[in-house]
Amino acid sequence: MPHRRRPGPRRKKAARKPAAGRGRGKPKVHPTARRKAAALVESAPAPRDGVTSDERGMRLNRWLAEQGVDSRRKCDALVLEGAVDTEPGRRVLPGQEVRVNGVRIKPVRRLYYLFYKPKGVLVTNDPRETRPRVCDLVDPLAPSRVYPVGRLDEDSEGLLVLTNDGAFAEMVAHPRHGVPKTYVCLVPGSVSGDVVAELRKGTWLDGVKVVPERVRIVRRTPKSTSLEVVLREGRNREIRRLLARHGLGVKRLKRVRIGPVGVQGLKRGQLRPLTREERDALVAIARGDGADASAGGGRRTGRRGAGKGRPKR
């Protein structure tokens, strides 16, 4: 009889991995790290209360969502079901009491940070993303979740503002408020004064003419030129697109200032709380009632591109 081979143990089929990878998921933070982060904020001259962009207060569903009750849509459902002790559409003013199912909702501590985003880190919270994200670096350093204000692309580095205050985030990020952002760009070759003059005239992007607040040469060599560019619009990748329209590539791009707040003293990947004075200075610029040292030291008299669009998040 022919020799029969004894069957071995059946091998389990390997689980098929998703085409885009499993992703990083939600950052995991140890409670000890949270306590240390809370102690740092308490010891810093940081503001505790939030800002409001409307004297009538904040809409109820948005206020509940920012306190971590649930999403805005589900908070709307809670109000309609009668779980919230107020009428739909009510606006919540600072200091007002709101209860859900008889339980008083305690306002969360407002957090404001500056963060030096390194190159190669994404400004996203997408759990499916496999590349390094800002939240992977920031969450262990903050007592609760904070979110980036605006964007800074993967190949760029520099200053980001992070907060859990939605009204403040809208003030800093939306083009209609015109908070200036200052960038230093390293481009190849020796850029002439004529090219800088053309850059100052602006260019059309997405159907809107984008005119820089300021363009100047910081340093120039035969092989490369460092340009300082100040913009107020905050559109998606607008610095790179603006320079590309004039035949200039970008070897390095760094955001060094948002309004009067600079990146000095921060190392790559480092986080620090905003002081009350810094937070209030940014709010004053957004409201149009503050001087701005980053845009030449004068008071802002106009807002280019006001209301023309929201920066891509």
# chains A, B, ... in the order shown; residues from 1 in each chain; ligands from 1

$ residues_around --residues "Asp153 of chain A" --least-positions-apart "4" --cutoff "9 Å" --atoms "only C-alpha atoms" --output "MDAnalysis selection string"
chainID A and resid 119:123 157 236:237

$ write_last_selection --atoms "C-alpha atoms" --output "mmCIF file, in the first residue's frame"
data_model
loop_
_atom_site.group_PDB
_atom_site.id
_atom_site.type_symbol
_atom_site.label_atom_id
_atom_site.label_comp_id
_atom_site.auth_asym_id
_atom_site.auth_seq_id
_atom_site.Cartn_x
_atom_site.Cartn_y
_atom_site.Cartn_z
ATOM 1 C CA LYS A 119 7.651 68.296 9.480
ATOM 2 C CA GLY A 120 6.075 64.965 8.537
ATOM 3 C CA VAL A 121 3.238 65.168 11.091
ATOM 4 C CA LEU A 122 -0.378 65.400 9.909
ATOM 5 C CA VAL A 123 -2.906 67.874 11.293
ATOM 6 C CA GLU A 157 6.530 72.893 10.201
ATOM 7 C CA ASN A 236 -5.354 75.638 1.882
ATOM 8 C CA ARG A 237 -1.643 75.490 0.917
#

$ select_by_dssp --residues "segment 73-266 of chain A" --states "helix (DSSP H, G or I)" --output "JSON, numbers by chain"
{"A": [73, 74, 75, 76, 77, 78, 79, 80, 134, 135, 136, 137, 138, 139, 140, 141, 166, 167, 168, 169, 170, 171, 172, 173, 175, 176, 177, 193, 194, 195, 196, 197, 198, 199, 200, 201, 238, 239, 240, 241, 242, 243, 244]}

$ select_by_dssp --residues "segment 219-293 of chain A" --states "strand (DSSP E)" --output "VMD selection string"
chain A and resid 219 to 220 224 to 231 252 to 258 261 to 262 271 to 273

$ closest_residue --among "A:Gly23, A:Pro222, A:Gly50, A:Gly166" --to "Asp280 of chain A" --atoms "only C-alpha atoms"
A:Gly50

$ residues_around --residues "Ser156 of chain A" --least-positions-apart "2" --cutoff "7 Å" --atoms "only C-alpha atoms" --output "list in words"
Lys119, Leu152, Asp153, Glu154, Arg252, Leu253 and Lys254 of chain A

$ closest_atom_pairs --of "segment 91-168 of chain A" --to "segment 58-69 of chain A" --cutoff "7 Å" --atoms "only C-alpha atoms" --output "JSON lines"
{"residue": "A:Arg91", "atom": "CA", "partner": "A:Arg59", "partner_atom": "CA", "distance": 4.3}
{"residue": "A:Val92", "atom": "CA", "partner": "A:Met58", "partner_atom": "CA", "distance": 5.1}
{"residue": "A:Leu93", "atom": "CA", "partner": "A:Met58", "partner_atom": "CA", "distance": 6.6}
{"residue": "A:Pro107", "atom": "CA", "partner": "A:Gln67", "partner_atom": "CA", "distance": 5.9}
{"residue": "A:Val108", "atom": "CA", "partner": "A:Gln67", "partner_atom": "CA", "distance": 5.6}

$ write_last_selection --atoms "N, CA and C atoms" --output "short mmCIF file (atom, residue, chain, number, x, y, z; two decimals), in the first residue's frame"
data_model
loop_
_atom_site.label_atom_id
_atom_site.label_comp_id
_atom_site.auth_asym_id
_atom_site.auth_seq_id
_atom_site.Cartn_x
_atom_site.Cartn_y
_atom_site.Cartn_z
N ARG A 91 -29.67 80.33 23.68
CA ARG A 91 -28.23 80.58 23.71
C ARG A 91 -27.77 80.62 25.15
N VAL A 92 -26.62 80.02 25.39
CA VAL A 92 -26.07 79.92 26.74
C VAL A 92 -25.04 81.01 26.94
N LEU A 93 -25.24 81.80 27.97
CA LEU A 93 -24.30 82.86 28.33
C LEU A 93 -23.36 82.36 29.41
N PRO A 107 -19.26 73.25 33.10
CA PRO A 107 -18.45 73.68 31.95
C PRO A 107 -17.02 73.14 32.05
N VAL A 108 -16.52 72.65 30.93
CA VAL A 108 -15.16 72.11 30.92
C VAL A 108 -14.15 73.26 30.98
#

$ closest_residue --among "A:Gly178, A:Gln270, A:Asn164, A:Thr225" --to "Gly193 of chain A" --atoms "only C-alpha atoms"
A:Thr225

$ residues_around --residues "Val283 of chain A" --least-positions-apart "3" --cutoff "10 Å" --atoms "only C-alpha atoms" --output "list in words"
Val51, Thr52, Ser53, Ala167, Phe168, Ala169, Met171, Val172, His177, Val179, Gly259, Glu277, Glu278, Arg279, Asp280, Ala286, Arg287, Gly288, Asp289 and Gly290 of chain A

$ write_last_selection --atoms "N, CA and C atoms" --output "PDB file, in the first residue's frame"
ATOM      1  N   VAL A  51     -14.050  82.308  25.438  1.00  0.00           N
ATOM      2  CA  VAL A  51     -14.455  83.552  24.791  1.00  0.00           C
ATOM      3  C   VAL A  51     -15.739  83.280  24.022  1.00  0.00           C
ATOM      4  N   THR A  52     -16.478  84.306  23.729  1.00  0.00           N
ATOM      5  CA  THR A  52     -17.676  84.164  22.908  1.00  0.00           C
ATOM      6  C   THR A  52     -17.595  85.147  21.764  1.00  0.00           C
ATOM      7  N   SER A  53     -17.947  84.682  20.571  1.00  0.00           N
ATOM      8  CA  SER A  53     -17.914  85.554  19.391  1.00  0.00           C
ATOM      9  C   SER A  53     -19.239  86.267  19.194  1.00  0.00           C
ATOM     10  N   ALA A 167     -15.443  78.902  19.829  1.00  0.00           N
ATOM     11  CA  ALA A 167     -15.556  80.307  19.430  1.00  0.00           C
ATOM     12  C   ALA A 167     -14.184  80.906  19.156  1.00  0.00           C
ATOM     13  N   PHE A 168     -13.214  80.598  19.992  1.00  0.00           N
ATOM     14  CA  PHE A 168     -11.856  81.095  19.807  1.00  0.00           C
ATOM     15  C   PHE A 168     -11.245  80.523  18.527  1.00  0.00           C
ATOM     16  N   ALA A 169     -11.456  79.226  18.289  1.00  0.00           N
ATOM     17  CA  ALA A 169     -10.914  78.593  17.086  1.00  0.00           C
ATOM     18  C   ALA A 169     -11.457  79.255  15.827  1.00  0.00           C
ATOM     19  N   MET A 171     -12.499  82.334  15.518  1.00  0.00           N
ATOM     20  CA  MET A 171     -11.917  83.675  15.397  1.00  0.00           C
ATOM     21  C   MET A 171     -10.535  83.636  14.762  1.00  0.00           C
ATOM     22  N   VAL A 172      -9.717  82.673  15.164  1.00  0.00           N
ATOM     23  CA  VAL A 172      -8.333  82.618  14.687  1.00  0.00           C
ATOM     24  C   VAL A 172      -8.255  82.064  13.271  1.00  0.00           C
ATOM     25  N   HIS A 177     -11.947  87.077   9.759  1.00  0.00           N
ATOM     26  CA  HIS A 177     -11.377  87.752  10.919  1.00  0.00           C
ATOM     27  C   HIS A 177      -9.961  88.266  10.638  1.00  0.00           C
ATOM     28  N   VAL A 179      -6.807  87.204  10.994  1.00  0.00           N
ATOM     29  CA  VAL A 179      -5.655  87.100  11.897  1.00  0.00           C
ATOM     30  C   VAL A 179      -4.421  86.743  11.062  1.00  0.00           C
ATOM     31  N   GLY A 259      -0.540  86.065  14.515  1.00  0.00           N
ATOM     32  CA  GLY A 259      -0.770  87.344  15.175  1.00  0.00           C
ATOM     33  C   GLY A 259       0.501  87.786  15.877  1.00  0.00           C
ATOM     34  N   GLU A 277      -2.907  86.938  28.392  1.00  0.00           N
ATOM     35  CA  GLU A 277      -2.583  88.106  27.568  1.00  0.00           C
ATOM     36  C   GLU A 277      -2.447  87.717  26.099  1.00  0.00           C
ATOM     37  N   GLU A 278      -1.816  86.569  25.821  1.00  0.00           N
ATOM     38  CA  GLU A 278      -1.654  86.120  24.442  1.00  0.00           C
ATOM     39  C   GLU A 278      -3.005  85.746  23.829  1.00  0.00           C
ATOM     40  N   ARG A 279      -3.827  85.028  24.586  1.00  0.00           N
ATOM     41  CA  ARG A 279      -5.151  84.653  24.089  1.00  0.00           C
ATOM     42  C   ARG A 279      -5.986  85.886  23.782  1.00  0.00           C
ATOM     43  N   ASP A 280      -5.980  86.843  24.718  1.00  0.00           N
ATOM     44  CA  ASP A 280      -6.791  88.042  24.532  1.00  0.00           C
ATOM     45  C   ASP A 280      -6.276  88.909  23.390  1.00  0.00           C
ATOM     46  N   ALA A 286      -8.761  89.531  16.029  1.00  0.00           N
ATOM     47  CA  ALA A 286      -9.880  88.948  15.282  1.00  0.00           C
ATOM     48  C   ALA A 286     -11.098  89.861  15.294  1.00  0.00           C
ATOM     49  N   ARG A 287     -11.291  90.574  16.406  1.00  0.00           N
ATOM     50  CA  ARG A 287     -12.441  91.475  16.511  1.00  0.00           C
ATOM     51  C   ARG A 287     -12.161  92.841  15.894  1.00  0.00           C
ATOM     52  N   GLY A 288     -10.907  93.072  15.474  1.00  0.00           N
ATOM     53  CA  GLY A 288     -10.576  94.316  14.804  1.00  0.00           C
ATOM     54  C   GLY A 288     -10.321  95.475  15.726  1.00  0.00           C
ATOM     55  N   ASP A 289     -10.107  95.211  17.025  1.00  0.00           N
ATOM     56  CA  ASP A 289      -9.896  96.318  17.961  1.00  0.00           C
ATOM     57  C   ASP A 289      -8.536  96.238  18.648  1.00  0.00           C
ATOM     58  N   GLY A 290      -7.561  95.605  17.958  1.00  0.00           N
ATOM     59  CA  GLY A 290      -6.231  95.515  18.555  1.00  0.00           C
ATOM     60  C   GLY A 290      -5.149  95.794  17.540  1.00  0.00           C
TER      61      GLY A 290
END

$ closest_residue --among "A:Ala37, A:Leu186, A:Ile239, A:Leu282" --to "Gly262 of chain A" --atoms "only C-alpha atoms"
A:Leu282

$ closest_residue --among "A:Thr182, A:Thr32, A:Thr275, A:Ser144" --to "Pro212 of chain A" --atoms "only C-alpha atoms"
A:Thr182

$ closest_residue --among "A:Asp139, A:Glu81, A:Asp70, A:Glu238" --to "Arg34 of chain A" --atoms "only C-alpha atoms"
A:Asp139

$ residues_around --residues "Gly249 of chain A" --least-positions-apart "2" --cutoff "12 Å" --atoms "only C-alpha atoms" --output "list in words"
Cys185, Leu186, Val187, Pro188, Gly189, Val191, Ser224, Thr225, Ser226, Leu227, Ile239, Arg240, Arg241, Leu242, Leu243, Ala244, Arg245, His246, Gly247, Lys251, Arg252 and Leu253 of chain A

$ closest_residue --among "A:Ala142, A:Leu231, A:Val218, A:Leu111" --to "Pro175 of chain A" --atoms "only C-alpha atoms"
A:Leu231
